[in-house]
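Visitor: My structure file upload31.cif, mmCIF, C-alpha atoms and all ligand atoms, is below:
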```cif
data_protein
loop_
_atom_site.label_atom_id
_atom_site.label_comp_id
_atom_site.auth_asym_id
_atom_site.auth_seq_id
_atom_site.Cartn_x
_atom_site.Cartn_y
_atom_site.Cartn_z
CA MET A 1 102.73 81.45 146.08
CA PRO A 2 100.86 82.20 142.78
CA CYS A 3 102.55 80.78 139.76
CA PHE A 4 102.15 82.42 136.32
CA PHE A 5 102.84 79.12 134.58
CA LYS A 6 99.68 77.61 136.06
CA TYR A 7 97.77 79.68 133.53
CA PRO A 8 98.88 78.54 130.04
CA ALA A 9 95.66 79.81 128.38
CA ARG A 10 96.27 83.33 129.72
CA ILE A 11 99.90 83.25 128.62
CA TYR A 12 98.84 82.13 125.17
CA LEU A 13 96.25 84.90 124.91
CA PHE A 14 98.66 87.55 126.17
CA THR A 15 101.40 86.44 123.77
CA SER A 16 99.17 86.22 120.73
CA LYS A 17 97.70 89.69 121.46
CA LEU A 18 101.18 91.10 121.84
CA LEU A 19 102.39 89.49 118.61
CA ARG A 20 99.33 90.75 116.74
CA ARG A 21 99.95 94.26 118.08
CA ILE A 22 103.62 94.13 117.04
CA LEU A 23 102.55 92.94 113.60
CA VAL A 24 99.96 95.73 113.17
CA VAL A 25 102.45 98.39 114.30
CA GLY A 26 105.10 96.94 111.97
CA VAL A 27 102.74 96.90 108.98
CA MET A 28 101.66 100.49 109.69
CA GLU A 29 105.23 101.71 110.02
CA TYR A 30 106.12 99.97 106.78
CA ALA A 31 103.14 101.55 104.98
CA ASN A 32 103.96 104.92 106.55
CA GLU A 33 107.51 104.78 105.29
CA LYS A 34 106.31 103.74 101.84
CA VAL A 35 103.87 106.67 101.71
CA LYS A 36 106.67 109.13 102.56
CA VAL A 37 109.02 107.70 99.90
CA ALA A 38 106.26 107.64 97.26
CA ILE A 39 105.27 111.25 97.96
CA ASN A 40 108.89 112.45 97.74
CA LEU A 41 109.46 110.67 94.43
CA LEU A 42 106.17 111.79 92.89
CA GLU A 43 106.76 115.38 94.05
CA ALA A 44 110.13 115.26 92.29
CA GLN A 45 108.29 114.20 89.14
CA PHE A 46 105.07 116.26 89.22
CA GLY A 47 105.91 118.98 91.74
CA ARG A 48 104.15 119.71 95.04
CA GLN A 49 100.39 119.87 94.42
CA THR A 50 98.69 122.96 95.83
CA TRP A 51 95.59 123.56 93.71
CA PHE A 52 92.44 124.34 95.70
CA SER A 53 89.19 125.29 93.97
CA ASP A 54 88.17 128.94 93.83
CA ARG A 55 84.69 128.08 92.54
CA LYS A 56 81.63 128.62 94.72
CA ALA A 57 80.62 125.44 96.54
CA ILE A 58 77.44 124.86 94.53
CA ASP A 59 79.38 125.40 91.27
CA GLN A 60 82.04 122.93 92.41
CA LEU A 61 79.46 120.34 93.47
CA ILE A 62 77.65 120.38 90.12
CA ALA A 63 80.97 120.55 88.24
CA THR A 64 82.12 117.45 90.14
CA ILE A 65 79.00 115.58 89.01
CA LEU A 66 79.68 116.69 85.43
CA SER A 67 83.33 115.60 85.72
CA GLN A 68 82.50 111.97 86.52
CA ARG A 69 84.11 109.86 83.77
CA THR A 70 84.79 113.07 81.86
CA ASN A 71 87.96 115.08 81.28
CA TYR A 72 88.34 118.64 82.54
CA ALA A 73 87.88 120.37 79.15
CA ASN A 74 84.60 118.55 78.46
CA GLU A 75 83.29 119.13 81.99
CA ARG A 76 84.06 122.84 81.67
CA ALA A 77 82.37 123.04 78.25
CA ALA A 78 79.24 121.33 79.64
CA PHE A 79 79.16 123.61 82.69
CA ASP A 80 79.53 126.79 80.60
CA LYS A 81 76.93 125.73 78.02
CA MET A 82 74.45 124.83 80.76
CA TRP A 83 74.87 128.30 82.27
CA ALA A 84 74.73 130.07 78.90
CA GLU A 85 71.43 128.32 78.14
CA PHE A 86 69.64 128.60 81.47
CA GLY A 87 71.38 131.51 83.20
CA SER A 88 70.89 130.55 86.88
CA TRP A 89 70.67 127.55 89.22
CA GLU A 90 66.94 128.22 89.42
CA GLY A 91 66.75 128.06 85.61
CA ILE A 92 68.80 124.85 85.49
CA MET A 93 66.63 123.30 88.18
CA GLU A 94 63.46 124.09 86.20
CA ALA A 95 64.90 123.23 82.76
CA PRO A 96 63.27 120.38 80.80
CA VAL A 97 65.38 117.22 81.18
CA ASP A 98 65.88 116.88 77.41
CA ALA A 99 67.12 120.46 77.07
CA LEU A 100 69.51 120.08 80.00
CA THR A 101 70.74 116.75 78.62
CA ALA A 102 71.53 118.43 75.30
CA ALA A 103 73.29 121.35 77.02
CA ILE A 104 75.66 119.09 78.99
CA ALA A 105 76.27 116.67 76.10
CA THR A 106 80.07 117.10 76.19
CA SER A 107 80.03 115.41 79.60
CA ASN A 108 79.72 111.61 79.46
CA TYR A 109 76.37 110.06 80.42
CA PRO A 110 74.42 113.36 80.11
CA GLU A 111 71.11 111.46 80.18
CA VAL A 112 71.97 110.23 83.69
CA LYS A 113 73.51 113.47 84.93
CA ALA A 114 70.78 115.88 83.76
CA PRO A 115 67.97 114.45 85.95
CA ARG A 116 70.46 113.99 88.81
CA ILE A 117 71.56 117.63 88.68
CA LYS A 118 67.92 118.76 88.74
CA GLN A 119 67.18 116.50 91.74
CA VAL A 120 70.25 117.72 93.63
CA LEU A 121 69.30 121.37 93.06
CA LYS A 122 65.69 120.71 94.07
CA GLN A 123 66.73 119.02 97.31
CA ILE A 124 69.19 121.78 98.22
CA LYS A 125 66.57 124.46 97.49
CA SER A 126 63.90 122.70 99.53
CA GLU A 127 66.23 122.13 102.51
CA ARG A 128 68.16 125.40 102.52
CA GLY A 129 65.82 127.80 100.70
CA ASN A 130 68.63 128.76 98.28
CA PHE A 131 71.77 127.27 96.67
CA ASP A 132 74.30 128.65 99.14
CA LEU A 133 76.41 125.83 100.63
CA SER A 134 78.75 128.05 102.64
CA PHE A 135 77.21 126.69 105.89
CA LEU A 136 79.36 123.57 105.31
CA ALA A 137 82.47 125.59 106.18
CA ASP A 138 81.35 125.64 109.84
CA THR A 139 79.82 122.15 109.91
CA PRO A 140 81.83 119.24 111.38
CA VAL A 141 83.36 116.91 108.78
CA GLU A 142 81.18 113.84 109.50
CA GLU A 143 78.01 115.93 109.52
CA SER A 144 79.01 117.59 106.24
CA LEU A 145 79.75 114.22 104.64
CA ASN A 146 76.39 112.83 105.73
CA TRP A 147 74.50 115.89 104.51
CA LEU A 148 76.16 115.80 101.10
CA MET A 149 75.79 112.03 100.70
CA ALA A 150 72.05 112.35 101.37
CA LEU A 151 71.78 114.31 98.09
CA PRO A 152 70.64 112.17 95.12
CA GLY A 153 73.59 110.43 93.44
CA VAL A 154 76.25 112.10 95.61
CA GLY A 155 78.62 109.46 96.92
CA HIS A 156 81.60 109.52 99.25
CA LYS A 157 84.06 110.48 96.52
CA THR A 158 82.08 113.52 95.34
CA ALA A 159 81.41 114.62 98.93
CA THR A 160 85.06 114.36 99.98
CA PHE A 161 86.14 116.10 96.79
CA LEU A 162 83.96 119.11 97.59
CA LEU A 163 84.97 119.20 101.26
CA LEU A 164 88.68 119.02 100.48
CA PHE A 165 88.99 121.20 97.39
CA THR A 166 86.47 123.90 98.31
CA PHE A 167 86.31 123.87 102.12
CA ARG A 168 89.85 122.61 102.80
CA LYS A 169 88.62 119.96 105.24
CA PRO A 170 90.92 117.04 106.16
CA VAL A 171 89.34 114.34 104.00
CA LEU A 172 90.75 112.31 101.12
CA PRO A 173 88.86 111.66 97.88
CA VAL A 174 89.76 108.10 96.85
CA ASP A 175 89.01 107.77 93.17
CA THR A 176 89.92 104.82 90.97
CA HIS A 177 93.49 106.11 90.34
CA VAL A 178 94.30 106.84 93.99
CA HIS A 179 92.84 103.47 94.98
CA ARG A 180 94.68 101.45 92.31
CA VAL A 181 98.11 103.03 92.87
CA SER A 182 97.81 102.75 96.67
CA GLN A 183 96.90 99.08 96.28
CA ARG A 184 99.61 98.22 93.77
CA LEU A 185 102.28 99.86 95.89
CA GLY A 186 101.10 97.80 98.86
CA ILE A 187 100.10 100.81 101.00
CA ILE A 188 96.64 99.28 101.32
CA ASN A 189 95.88 95.64 100.73
CA GLN A 190 94.00 94.08 97.85
CA LYS A 191 90.83 93.56 99.86
CA THR A 192 90.51 97.22 100.86
CA ASN A 193 87.73 98.77 98.79
CA GLN A 194 87.52 102.47 97.92
CA ALA A 195 85.25 103.37 100.82
CA LYS A 196 87.50 101.62 103.38
CA ALA A 197 90.66 102.99 101.74
CA HIS A 198 89.63 106.49 102.85
CA THR A 199 89.76 105.44 106.51
CA VAL A 200 92.99 103.44 106.19
CA LEU A 201 94.87 106.13 104.26
CA LEU A 202 93.82 108.82 106.75
CA THR A 203 95.68 106.90 109.47
CA LEU A 204 98.86 107.09 107.37
CA LEU A 205 98.74 110.73 106.29
CA PRO A 206 98.97 114.04 108.15
CA ARG A 207 95.47 115.30 109.00
CA ASN A 208 95.68 118.54 107.11
CA ALA A 209 94.07 119.56 103.85
CA GLU A 210 97.35 120.56 102.14
CA ALA A 211 98.97 117.14 102.69
CA LEU A 212 95.82 115.24 101.72
CA LEU A 213 95.35 117.28 98.57
CA ASN A 214 98.99 116.68 97.65
CA TYR A 215 98.57 112.90 98.07
CA HIS A 216 95.33 112.82 96.10
CA LYS A 217 96.66 114.84 93.17
CA LEU A 218 100.05 113.06 92.99
CA PHE A 219 98.49 109.59 93.06
CA PHE A 220 95.78 110.70 90.62
CA LYS A 221 98.36 111.99 88.12
CA HIS A 222 100.54 108.91 88.52
CA GLY A 223 97.53 106.62 87.99
CA GLN A 224 96.38 108.55 84.96
CA GLN A 225 99.76 108.88 83.25
CA VAL A 226 101.96 105.98 84.41
CA CYS A 227 100.21 103.36 86.56
CA THR A 228 97.28 102.93 84.22
CA TRP A 229 94.72 100.19 84.79
CA SER A 230 95.49 97.95 81.82
CA HIS A 231 99.12 98.76 80.95
CA PRO A 232 101.11 100.16 83.88
CA LYS A 233 104.40 101.58 82.60
CA CYS A 234 106.49 99.85 85.26
CA LYS A 235 109.74 100.09 83.33
CA VAL A 236 109.73 103.88 83.48
CA CYS A 237 108.01 104.21 86.86
CA VAL A 238 109.92 106.07 89.59
CA LEU A 239 108.14 103.95 92.24
CA SER A 240 109.02 100.48 90.93
CA HIS A 241 111.59 99.77 93.67
CA ILE A 242 108.93 100.21 96.38
CA CYS A 243 106.05 98.63 94.46
CA ALA A 244 104.54 95.35 95.68
CA TYR A 245 102.82 94.73 92.33
CA PHE A 246 106.06 95.27 90.43
CA HIS A 247 108.04 92.91 92.68
CA ALA A 248 105.34 90.25 92.55
CA ASN A 249 105.29 90.38 88.74
CA GLN A 250 108.94 91.05 88.12
CA SER A 251 109.59 87.62 86.63
CA LEU A 252 106.92 88.39 84.03
CA ASN A 253 108.52 91.70 83.09
CA ASP A 254 111.73 92.62 81.39
CA LYS A 255 114.59 93.57 83.68
CA PRO A 256 113.55 96.73 85.51
CA ILE A 257 115.18 100.03 84.59
CA ASN A 258 114.78 101.18 88.15
CA SER A 259 116.62 98.73 90.38
CA LYS A 260 117.00 100.51 93.71
CA PRO A 261 116.61 98.31 96.79
CA GLN A 262 113.12 97.74 98.19
CA VAL A 263 112.11 100.03 101.10
S1 LIG B 1 105.85 99.91 89.28
FE1 LIG B 1 104.13 99.58 87.87
S2 LIG B 1 102.45 98.88 89.17
FE2 LIG B 1 103.98 99.79 90.51
S3 LIG B 1 103.32 101.94 90.76
FE3 LIG B 1 104.76 101.87 89.07
S4 LIG B 1 103.53 101.64 87.23
FE4 LIG B 1 102.24 101.10 88.99
#
```
As structure tokens, please, write out the structure in this file.

Guide:
Amino acid sequence: MPCFFKYPARIYLFTSKLLRRILVVGVMEYANEKVKVAINLLEAQFGRQTWFSDRKAIDQLIATILSQRTNYANERAAFDKMWAEFGSWEGIMEAPVDALTAAIATSNYPEVKAPRIKQVLKQIKSERGNFDLSFLADTPVEESLNWLMALPGVGHKTATFLLLFTFRKPVLPVDTHVHRVSQRLGIINQKTNQAKAHTVLLTLLPRNAEALLNYHKLFFKHGQQVCTWSHPKCKVCVLSHICAYFHANQSLNDKPINSKPQV
């Protein structure tokens, strides 16, 4: 009669696989629960986020490039001045680099962005024959991401931003704020970089544009206003009771204002 106990190596393998699986499921459930609590608390603070872009896709793409390391008012001023000076995408594409650099000077790093904008427009024109990006609405997500990221200087964050905010596709732009807050809370671990965070966070969030936009905007606002890079305002943070960073550094801080039990 066959005896299971004759095979200790198999038993060991089976048990360790099972334990690993239980651990992964447990960690995911924990992160899932933390995401839900964080969203509820941030919604109570900032409101449900529902803003989608009503700009044309090409406008939004170039505006996103202008917005890198730049606040909204300065991006808008640069965009409007560029259009007032050159009058069309064709005109902007053909503009001398120096003149375009001067026109977008309210945006940070205009000397880098001006040649990049011209290159992006040139590539779109040569591939599509015009500046109409509406074909992306009917293109699968991965294909759209790859097409956009093949444009000069367009990375994953800019591509996902356009696909989510303009085309309402189920992707998540992970900028520095979203990444930092997700890490500090312990939703993603410290080794997860921005590119990988996109994949991990998508497994924890509903796959619809409304929910992903809400997460992005709430975490962005929280990172910008409360959980700042150098001086997080933990003592007034509504998430402190679920925050891994806060609990790990609690002995270094004053007694927390928010002392609800950890989720
Ligand atoms: S408790 Fe501090 S570190 Fe944690 S999310 Fe709030 S501000 Fe950021």

Visitor: Taking only C-alpha atoms and all ligand atoms into account, list the residues no farther than 10 Å from ligand LIG 1 (chain B), as a PyMOL selection string.

Guide: chain A and resi 38+180-186+219+222-223+225-229+231-250+256+258

Visitor: So that I can check the surroundings of A:Ala57, please list as a ChimeraX atom specification every protein, DNA and RNA residue that reaches within 10 Å of it, counting all atoms listed in the file and ignoring chain neighbours fewer than 2 positions away.

Guide: /A:53-55,59-63,131-134,136-137,162-163,165-167

Visitor: Between A:Leu202, A:Leu172, A:His179, A:Lys122, which has the minimum distance to A:Pro152 (counting all atoms listed in the file)?

Guide: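 Of A:Leu202, A:Leu172, A:His179, A:Lys122, the one nearest A:Pro152, counting all atoms listed in the file, is A:Lys122.
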
Visitor: For the atom pair atom CA of A:Leu201 and atom CA of A:Ile58, what is the interatomic distance in Å to one decimal place?

Guide: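 Going from atom CA of A:Leu201 over to atom CA of A:Ile58 covers 27.4 Å.
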
Visitor: How many Å separate atom CA of A:Arg48 from atom CA of A:Thr139?

Guide: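 Spanning atom CA of A:Arg48 to atom CA of A:Thr139 is a straight-line distance of 28.6 Å.
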
Visitor: As number ranges by chain, please: the residues near stretch 65-75 of chain A (cut-off 9 Å, all atoms listed in the file, same-chain neighbours under 4 positions excluded).

Guide: A: 60-61, 79-80, 104-110, 113, 116-117, 153-154, 158

Visitor: Identify, on the basis of only C-alpha atoms, every residue whose closest approach to stretch 208-214 of chain A does not exceed 9 Å; exclude the query and any residue fewer than 4 positions from it along the same chain; express the result as a compact mmCIF listing (two decimals) with C-alpha atoms, in the coordinates of the input.

Guide:
```
# COMPACT_ATOMS: atom_id res chain seq x y z
CA ILE A 39 105.27 111.25 97.96
CA GLU A 43 106.76 115.38 94.05
CA ARG A 48 104.15 119.71 95.04
CA GLN A 49 100.39 119.87 94.42
CA THR A 50 98.69 122.96 95.83
CA TRP A 51 95.59 123.56 93.71
CA PHE A 52 92.44 124.34 95.70
CA LEU A 164 88.68 119.02 100.48
CA PHE A 165 88.99 121.20 97.39
CA ARG A 168 89.85 122.61 102.80
CA LYS A 169 88.62 119.96 105.24
CA PRO A 170 90.92 117.04 106.16
CA VAL A 171 89.34 114.34 104.00
CA LEU A 172 90.75 112.31 101.12
CA PRO A 173 88.86 111.66 97.88
CA LEU A 202 93.82 108.82 106.75
CA LEU A 218 100.05 113.06 92.99
CA PHE A 219 98.49 109.59 93.06
```

Visitor: Find, counting only C-alpha atoms, the residue in A:Asp98, A:Tyr12, A:Glu142, A:Val35 that gets nearest to A:Glu111.

Guide: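 Smallest distance to A:Glu111 is found for A:Asp98.
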
Visitor: For A:Ser126, which residue out of A:Ala95, A:Ser144, A:Glu90, A:Glu33 is the nearest one, using only C-alpha atoms?

Guide: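 Smallest distance to A:Ser126 is found for A:Glu90.
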
Visitor: Between atom CA of A:His156 and atom CA of A:Ala195, measure the distance and give it in Å to one decimal.

Guide: 7.3 Å
